[in-house]
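To keep things clear, I will list the structure first and then write my remarks on it.
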Amino acid sequence: MDLSVHFEKLGFNKNKQKTYLSLLSLGQATAKQIAEHSGIERTTVYKIAEELLKEGLAEKIPGKINSYAITNPNKLVEIQNENKKTAELMLPELLGLLSSTTIKPKLKFYEGDEGVKKVFEDPFDMSRGSVVKSFSSAENIMSRFGSVYARHYTEERIHKKIKRLSLRPITDQPKSKNDWEVYTSEEMVLREIRFLPPQIKNNTLIQIYNNKIGVIGTKEENYAFILESKELCLLMDQVFDWIWEMAKR
């Protein structure tokens with residue numbers, strides 16, 4: 001088997017291949033011994049050895065003169081599996097960023113709690129003084145992350161001078177006096193709240209801002225996405241304003 005072809009697919013250049021295979025053959029060796037065995041300059045061996053250490057493919061054996069040893073070659077498979085998982089996590093966002101020469105909406109899906117937070121906090125990238133309009137269920141966020149996260153979010157939003165207009169279900173009320181920062185409608189927290197009619201139930205959080213619509217489903221359905229569409233955002237913005245004017249303060 002020609003190992004060099006496979007090593008190249010793993011991102012190993014010729015010197016890295018020689019260093020890895022020499023060290024694997026020697027079992028344990030100093031940079032000088034690796035250089036003599038592989039025919040590579042010692043300074044280059046040091047650089048490659050440090051690279052192998054960072055990747056977890058080798059370990060340093062302390063002594064009067066430091067030596068190196070290859071970790072179990074199974075580590076190569078583990079690293080590739082980790083890289084594959086990382087690429088799979090990145091794929092939805094990369095596909096969402098995929099564009100063509102024509103103008104089209106961009107859709108990004110997110111998973112897990114960190115994905116939900118990313119969608120929830122995306123308006124933070126807007127300019128100071130901007131406004132987020134939302135069909136909000138505070139319970140959606142509170143049940144996921146608790147009041148501490150909700151307060152930190154509010155503090156960061158205030159720091160960035162981003163105002164929030166929230167249309168909430170009539171049942172979305174504070175459970176205690178300590179929850180006022182999350183539920184209050186006051187200028188000091190840059191938030192104004194109005195309530196939807198009792199017959200309208202809403203546990204989904206929808207944010208309308210900057211030509212984007214961010215949607216966070218309930219914990220049970222566990223989804224979140226951001227749709228960037230100027231036309232749809234304009235329509236949602238108008239629908240929000242229409243309901244806002246009729247909503248109960």
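The way I read the labels, and the way they are meant: chains A, B, ... in the order of the structure tokens, residue 1 as the first residue of every chain, and ligand 1 as the first ligand shown, with later ones counted on from there.
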Closest atom pairs, region 154-228 of chain A residues within 7 Å of region 116-131 of chain A, only C-alpha atoms, as CSV:
```
residue,atom,partner,partner_atom,distance
A:Arg157,CA,A:Phe124,CA,6.8
A:Lys160,CA,A:Arg128,CA,5.7
A:Lys161,CA,A:Arg128,CA,5.1
A:Ile162,CA,A:Ser130,CA,5.1
A:Lys163,CA,A:Val131,CA,4.7
A:Arg164,CA,A:Val131,CA,5.7
A:Tyr209,CA,A:Pro123,CA,7.0
A:Gly214,CA,A:Val119,CA,6.1
A:Ile216,CA,A:Val116,CA,6.6
A:Ala224,CA,A:Val116,CA,5.8
A:Phe225,CA,A:Val119,CA,6.7
A:Ile226,CA,A:Val119,CA,6.6
```
- Message: When you look at Leu57 (chain A) with a cut-off of 10 Å (counting only C-alpha atoms), what residues show up, excluding the ones that are within fewer than 3 positions of it in the same chain? I need them as an MDAnalysis selection string.
- Response: chainID A and resid 20 49:54 69:76 79
Pick out the residues sitting within 12 Å of region 9-11 of chain A, and hand them over as an mmCIF file with N, CA and C atoms, in the first residue's frame; count only C-alpha atoms, and ignore anything fewer than 6 positions along from it in its own chain.
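Result written to part-v4.cif:
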```cif
data_model
loop_
_atom_site.group_PDB
_atom_site.id
_atom_site.type_symbol
_atom_site.label_atom_id
_atom_site.label_comp_id
_atom_site.auth_asym_id
_atom_site.auth_seq_id
_atom_site.Cartn_x
_atom_site.Cartn_y
_atom_site.Cartn_z
ATOM 1 N N LEU A 3 1.362 4.429 1.316
ATOM 2 C CA LEU A 3 0.862 5.239 2.424
ATOM 3 C C LEU A 3 0.893 6.730 2.111
ATOM 4 N N GLN A 17 5.132 13.369 6.775
ATOM 5 C CA GLN A 17 5.003 11.920 6.619
ATOM 6 C C GLN A 17 6.263 11.216 7.105
ATOM 7 N N LEU A 76 -5.330 8.979 14.585
ATOM 8 C CA LEU A 76 -5.576 9.527 13.252
ATOM 9 C C LEU A 76 -7.045 9.406 12.870
ATOM 10 N N VAL A 77 -7.628 8.255 13.204
ATOM 11 C CA VAL A 77 -9.048 8.018 12.902
ATOM 12 C C VAL A 77 -9.922 8.918 13.766
ATOM 13 N N ILE A 79 -9.225 11.838 15.048
ATOM 14 C CA ILE A 79 -9.156 13.223 14.575
ATOM 15 C C ILE A 79 -10.031 13.415 13.346
ATOM 16 N N GLN A 80 -9.987 12.455 12.424
ATOM 17 C CA GLN A 80 -10.802 12.571 11.214
ATOM 18 C C GLN A 80 -12.289 12.515 11.547
ATOM 19 N N ASN A 81 -12.650 11.682 12.529
ATOM 20 C CA ASN A 81 -14.055 11.614 12.956
ATOM 21 C C ASN A 81 -14.496 12.933 13.581
ATOM 22 N N ASN A 83 -13.166 15.876 12.913
ATOM 23 C CA ASN A 83 -13.252 16.840 11.819
ATOM 24 C C ASN A 83 -14.553 16.677 11.039
#
```
- Task: Kindly indicate which residue among A:Leu190, A:Val182, A:Leu167, A:Cys233 lies nearest to Val148 (chain A), using only C-alpha atoms for the distances.
- Result: A:Val182
- Task: Run DSSP on the backbone of this structure and report the residues of region 26-96 of chain A it assigns to strand (DSSP E or B), as a PyMOL selection string.
- Result: chain A and resi 29-30+58-61+67-70
- Query: What lies within 9 Å of Lys32 (chain A) using only C-alpha atoms, ignoring chain neighbours under 6 positions off, as a PyMOL selection string?
  - Reply: chain A and resi 41-42+45
Pull N, CA and C atoms from the residues just selected and write them as a JSON list (two decimals), in the first residue's frame.
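The result, stored in part_20.json:
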```json
[["chain", "number", "residue", "atom", "x", "y", "z"],
["A", 41, "GLU", "N", 16.17, 17.99, 8.06],
["A", 41, "GLU", "CA", 16.93, 18.87, 8.95],
["A", 41, "GLU", "C", 16.30, 18.91, 10.34],
["A", 42, "ARG", "N", 17.17, 19.01, 11.35],
["A", 42, "ARG", "CA", 16.69, 18.94, 12.72],
["A", 42, "ARG", "C", 15.72, 20.08, 13.05],
["A", 45, "VAL", "N", 12.42, 19.13, 11.87],
["A", 45, "VAL", "CA", 11.87, 18.06, 12.73],
["A", 45, "VAL", "C", 11.23, 18.66, 13.97]]
```
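CA of Thr184 (chain A) is positioned 11.8 Å from CA of Arg151 (chain A).
Distance-wise, CA of Ala150 (chain A) and CA of Lys106 (chain A) end up 27.8 Å apart.
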Near-Met236 (chain A) list (12 Å; only C-alpha atoms; drop same-chain fewer than 3 positions) as a PDB file with C-alpha atoms, in the first residue's frame:
```pdb
ATOM      1  CA  LYS A 133     -40.121  43.511  16.789  1.00  0.00           C
ATOM      2  CA  SER A 134     -41.083  40.177  18.246  1.00  0.00           C
ATOM      3  CA  PHE A 135     -43.905  37.793  18.847  1.00  0.00           C
ATOM      4  CA  ILE A 206     -40.434  35.198  16.279  1.00  0.00           C
ATOM      5  CA  GLN A 207     -38.071  38.165  15.826  1.00  0.00           C
ATOM      6  CA  ILE A 208     -38.378  40.659  12.963  1.00  0.00           C
ATOM      7  CA  TYR A 209     -35.314  42.831  12.322  1.00  0.00           C
ATOM      8  CA  ASN A 210     -32.856  44.032   9.713  1.00  0.00           C
ATOM      9  CA  ASN A 211     -34.473  42.124   6.800  1.00  0.00           C
ATOM     10  CA  LYS A 212     -34.370  38.955   8.895  1.00  0.00           C
ATOM     11  CA  ILE A 213     -36.889  36.760  10.652  1.00  0.00           C
ATOM     12  CA  GLY A 214     -35.536  34.662  13.524  1.00  0.00           C
ATOM     13  CA  LEU A 227     -34.563  33.573   7.280  1.00  0.00           C
ATOM     14  CA  SER A 229     -35.658  37.986   3.048  1.00  0.00           C
ATOM     15  CA  LYS A 230     -36.337  41.667   2.461  1.00  0.00           C
ATOM     16  CA  GLU A 231     -39.826  41.079   1.000  1.00  0.00           C
ATOM     17  CA  LEU A 232     -41.039  38.646   3.664  1.00  0.00           C
ATOM     18  CA  CYS A 233     -39.555  40.756   6.453  1.00  0.00           C
ATOM     19  CA  VAL A 239     -48.480  42.520  10.097  1.00  0.00           C
ATOM     20  CA  PHE A 240     -46.717  43.180  13.401  1.00  0.00           C
ATOM     21  CA  ASP A 241     -47.508  46.917  13.267  1.00  0.00           C
ATOM     22  CA  TRP A 242     -51.173  46.205  12.506  1.00  0.00           C
ATOM     23  CA  ILE A 243     -51.525  43.830  15.473  1.00  0.00           C
ATOM     24  CA  TRP A 244     -49.470  46.140  17.682  1.00  0.00           C
TER      25      TRP A 244
END
```
- Using DSSP on the backbone, list every residue of region 48-237 of chain A that comes out as helix (DSSP H, G or I), and give them as a PyMOL selection string. chain A and resi 48-55+74-97+112-125+138-159+177-183+187-189+230-237
- Task: Show which residues sit within 12 Å of Asn202 (chain A), as number ranges by chain. Count only C-alpha atoms, and ignore same-chain residues fewer than 3 positions away.
- Result: A: 134-140, 167-172, 195-199, 205-206, 216-218
- Query: Can you list, as a PyMOL selection string, every protein, DNA or RNA residue that comes within 10 Å of Ala31 (chain A) when you count only C-alpha atoms, leaving out same-chain residues fewer than 4 positions away?
  - Reply: chain A and resi 19+23+35-37+40-49+65-68
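One distance worth recording is that between CA of Ile193 (chain A) and CA of Met246 (chain A), which is 12.6 Å.
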- May I ask which of the residues A:Glu8, A:Phe109, A:Tyr223, A:Tyr183 is the closest one to Ser147 (chain A), counting only C-alpha atoms? A:Tyr183
